[in-house]
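Novice: Okay, here's the structure, questions in a sec.
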Number of protein chains: 2
Amino acid sequence: MSTSSRFAVAVHVLTLMAWADDEPLKSEHVAESVNTNAVVIRRMLCELAESKLVVSQSGAMGGSKLAREPEQITLLDIYQAVENRGVFSLHRHPPNRHCPVGVNIGTVLNEVLDEVDTAVERVLANITIKDVVSRLQPCVSTVMSKRKHVAKQQPVVSAGN
Amino acid sequence: MSTSSRFAVAVHVLTLMAWADDEPLKSEHVAESVNTNAVVIRRMLCELAESKLVVSQSGAMGGSKLAREPEQITLLDIYQAVENRGVFSLHRHPPNRHCPVGVNIGTVLNEVLDEVDTAVERVLANITIKDVVSRLQPCVSTVMSKRKHVAKQQPVVSAGN
DNA sequence: GGCAACTGTAACTATATTGGTTACAGACGA
DNA sequence: TCGTCTGTAACCAATATAGTTACAGTTGCC
């Protein structure tokens, strides 16, 4: 499954901008919050700008901010901006055409995977960046990671950094 | 997103077994249909066996077959057997704890990603291997790949291989 | 018992994707 | 025109998946 954190980072970035309330943020500053390199952020900002979710300005006093109001940006918009594949992939190499299953499994799988993609999109379409910001507010420094499928890259936020 | 074809291959494998109707299949034979190496298949069969979806027998005249009836095996069972992460990942490195967004975005994201996972699981739980087999039957050699997010590894099944 | 046909598994390589880094050209405000 | 930004290319590192070879262990059959 997803081996990338692109969606999570993109949501983080846009949430920061909503939080900053129309003040342009520098990539360096965003990178500090995300805890990554500024170039990684700028690359992502380019994609988000192409999808008209943010606008950036070069030069001194430049930076990036949301292109629309936080309530007008859904997580589906973000997902489509930064992830270009469905949630599952098909076979790396096409199956054997001379096998009755192999020749047709792709068609059936595509139908199934479309159902999955649609379900995911329906969830994401119902959540806006504004929702994320308001869900953020009541959170004090609680313990993270209550996910069912625990991701290994969240090694507990330690006290010393 | 998913950069792996594990789920697709696993569904393919179990569909073959349902098609074979209780006759044990050799990994070599399965690999031919999937168009991959027999060891890749055997590795996957081990995982499927651990999840009690297939049973394998060593030795001459050995092979693998379904552990239950095709209508008792859902795509969710398969998904859980071969994919161990949710559909999205969080940040590679934990975000900055000193940022009001960074410190809490993980909690909110986990909630969202759980909603997504649940939606995916709901879809997969409603489809059995028997369903896949029956969806397979009417398919004659039609054109593949009608997915919205077109995967690049399905380069149209050409006539000459 | 001994052979041949299987599975299970380790060890290694190949390939792809993502993310991190350095470097620099171009934009722009002061 | 100088300093501060973005945009982007070029490269490296890390990780995950898949493919391959090799071989030990099981099992049916003669």
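The chains in the structure tokens are called A, B, ... from first to last as shown; in each chain the residues are counted from 1, and the ligands are counted from 1 in the order shown.
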Just the residues within 8 Å of Ile78 in chain A, please, counting only C-alpha atoms (C1' of nucleotides), with nothing from its chain fewer than 2 positions along; format it as a list in words.

Specialist: Phe7, Ala10, Val11, Leu48, Leu53, Ile73, Thr74, Leu75, Leu76, Gln80, Ala81 and Val82 of chain A

Novice: What lies within 7 Å of range 4-9 of chain D using only C-alpha atoms (C1' of nucleotides), ignoring chain neighbours under 5 positions off, as a ChimeraX atom specification?

Specialist: /A:57-62

Novice: What is the distance between CA of Leu45 in chain B and CA of Glu115 in chain B, in Å to one decimal?

Specialist: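 Computing the Euclidean distance for CA of Leu45 in chain B and CA of Glu115 in chain B yields 29.8 Å.
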
Novice: Name the residues in contact with DA14 in chain C at a cut-off of 10 Å, using only C-alpha atoms (C1' of nucleotides), excluding same-chain residues fewer than 3 positions from it; report them as JSON, numbers by chain.

Specialist: {"D": [18, 19, 20]}

Novice: Take the residues just selected and output them with N, CA and C atoms (P, O5', C5', C4', C3', O3' and C1' of nucleotides) as an mmCIF file, in the first residue's frame.

Specialist:
data_model
loop_
_atom_site.group_PDB
_atom_site.id
_atom_site.type_symbol
_atom_site.label_atom_id
_atom_site.label_comp_id
_atom_site.auth_asym_id
_atom_site.auth_seq_id
_atom_site.Cartn_x
_atom_site.Cartn_y
_atom_site.Cartn_z
ATOM 1 P P DA D 18 5.265 -7.027 -5.207
ATOM 2 O "O5'" DA D 18 6.410 -7.541 -6.181
ATOM 3 C "C5'" DA D 18 6.881 -6.656 -7.183
ATOM 4 C "C4'" DA D 18 8.040 -7.274 -7.902
ATOM 5 C "C3'" DA D 18 7.859 -8.745 -8.276
ATOM 6 O "O3'" DA D 18 8.216 -8.862 -9.636
ATOM 7 C "C1'" DA D 18 9.917 -8.422 -7.180
ATOM 8 P P DG D 19 8.021 -10.179 -10.432
ATOM 9 O "O5'" DG D 19 9.503 -10.741 -10.534
ATOM 10 C "C5'" DG D 19 10.437 -10.037 -11.343
ATOM 11 C "C4'" DG D 19 11.793 -10.687 -11.228
ATOM 12 C "C3'" DG D 19 11.816 -12.182 -11.551
ATOM 13 O "O3'" DG D 19 12.837 -12.397 -12.513
ATOM 14 C "C1'" DG D 19 12.894 -11.768 -9.486
ATOM 15 P P DT D 20 13.043 -13.802 -13.148
ATOM 16 O "O5'" DT D 20 14.207 -14.433 -12.280
ATOM 17 C "C5'" DT D 20 15.435 -13.728 -12.160
ATOM 18 C "C4'" DT D 20 16.411 -14.506 -11.293
ATOM 19 C "C3'" DT D 20 16.365 -16.021 -11.499
ATOM 20 O "O3'" DT D 20 17.600 -16.426 -12.064
ATOM 21 C "C1'" DT D 20 16.453 -15.429 -9.180
#

Novice: List every residue of chain A that has an atom at most 12 Å from any atom of chain D, and for each one report the closest atom pair and its distance in Å to one decimal, counting only C-alpha atoms (C1' of nucleotides), with rows sorted by chain and then by increasing residue number, as CSV.

Specialist:
residue,atom,partner,partner_atom,distance
A:Met1,CA,D:DA16,C1',10.4
A:Ser2,CA,D:DA16,C1',10.8
A:Thr3,CA,D:DA16,C1',8.1
A:Ser4,CA,D:DT15,C1',10.7
A:Pro24,CA,D:DC5,C1',11.5
A:Leu25,CA,D:DC5,C1',10.7
A:Lys26,CA,D:DC5,C1',7.8
A:Ser27,CA,D:DT6,C1',8.6
A:Glu28,CA,D:DC5,C1',9.9
A:His29,CA,D:DC5,C1',12.0
A:Ala38,CA,D:DT6,C1',10.7
A:Val39,CA,D:DG7,C1',9.5
A:Val40,CA,D:DT8,C1',11.5
A:Ile41,CA,D:DT6,C1',11.1
A:Arg42,CA,D:DT6,C1',7.7
A:Arg43,CA,D:DG7,C1',8.3
A:Met44,CA,D:DG7,C1',11.2
A:Leu45,CA,D:DT6,C1',10.0
A:Cys46,CA,D:DG7,C1',8.1
A:Glu47,CA,D:DG7,C1',11.5
A:Ala49,CA,D:DG7,C1',11.9
A:Val55,CA,D:DT6,C1',11.3
A:Ser56,CA,D:DT6,C1',7.7
A:Gln57,CA,D:DT6,C1',6.9
A:Ser58,CA,D:DT6,C1',4.6
A:Gly59,CA,D:DC5,C1',4.1
A:Ala60,CA,D:DT4,C1',4.3
A:Met61,CA,D:DC5,C1',6.7
A:Gly62,CA,D:DC5,C1',5.6
A:Gly63,CA,D:DC5,C1',7.2
A:Ser64,CA,D:DT6,C1',9.4
A:His91,CA,D:DA18,C1',11.0
A:Arg92,CA,D:DA18,C1',8.8
A:His93,CA,D:DA18,C1',10.6
A:Gln153,CA,D:DT15,C1',11.8

Novice: Taking only C-alpha atoms (C1' of nucleotides) into account, find every residue of chain C that has an atom no more than 10 Å from chain A, and write it out as an NGL selection string.

Specialist: :C and (17-21 or 26-30)

Novice: Give me, as JSON, numbers by chain, the residues of range 14-154 of chain A that a backbone DSSP run labels alpha helix (DSSP H).

Specialist: {"A": [14, 15, 16, 17, 18, 19, 20, 27, 28, 29, 30, 31, 32, 33, 34, 38, 39, 40, 41, 42, 43, 44, 45, 46, 47, 48, 49, 50, 75, 76, 77, 78, 79, 80, 81, 82, 105, 106, 107, 108, 109, 110, 111, 112, 113, 114, 115, 116, 117, 118, 119, 120, 121, 122, 123, 124, 125, 129, 130, 131, 132, 133, 134, 135, 136]}

Novice: One decimal, in Å: what's the spacing between CA of Ala125 in chain B and CA of Ala18 in chain B?

Specialist: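 Spanning CA of Ala125 in chain B to CA of Ala18 in chain B is a straight-line distance of 17.8 Å.
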
Novice: In Å to one decimal, how far is CA of Lys130 in chain A from CA of Val108 in chain B?

Specialist: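 Between CA of Val108 in chain B and CA of Lys130 in chain A the gap works out to 12.2 Å.
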
Novice: Give the answer as one residue: which of B:Glu111, B:Tyr79, B:Gln137, B:Val13 has the shortest atom-to-atom distance to Leu124 in chain B, using only C-alpha atoms?

Specialist: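 Nearest candidate to Leu124 in chain B out of B:Glu111, B:Tyr79, B:Gln137, B:Val13: B:Tyr79.
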
Novice: From range 4-124 of chain B, collect each residue whose DSSP state is strand (DSSP E) and return the set as JSON, numbers by chain.

Specialist: {"B": [54, 55, 56, 57, 63, 64, 65, 66]}

Novice: I'd like to know which of B:Val30, B:Ile127, B:Leu66, B:Val87 is closest to chain A, using only C-alpha atoms.

Specialist: B:Val87

Novice: Would you please work out which residue, of B:Asp21, B:Asp117, B:Asp131, B:Glu32, is nearest to Arg97 in chain A when using only C-alpha atoms?

Specialist: B:Glu32

Novice: Near Asn35 in chain B, counting only C-alpha atoms (C1' of nucleotides), which residues have an atom at most 6 Å away, once you skip same-chain residues fewer than 3 positions from it, shown as a ChimeraX atom specification?

Specialist: /A:95-96 /B:31-32
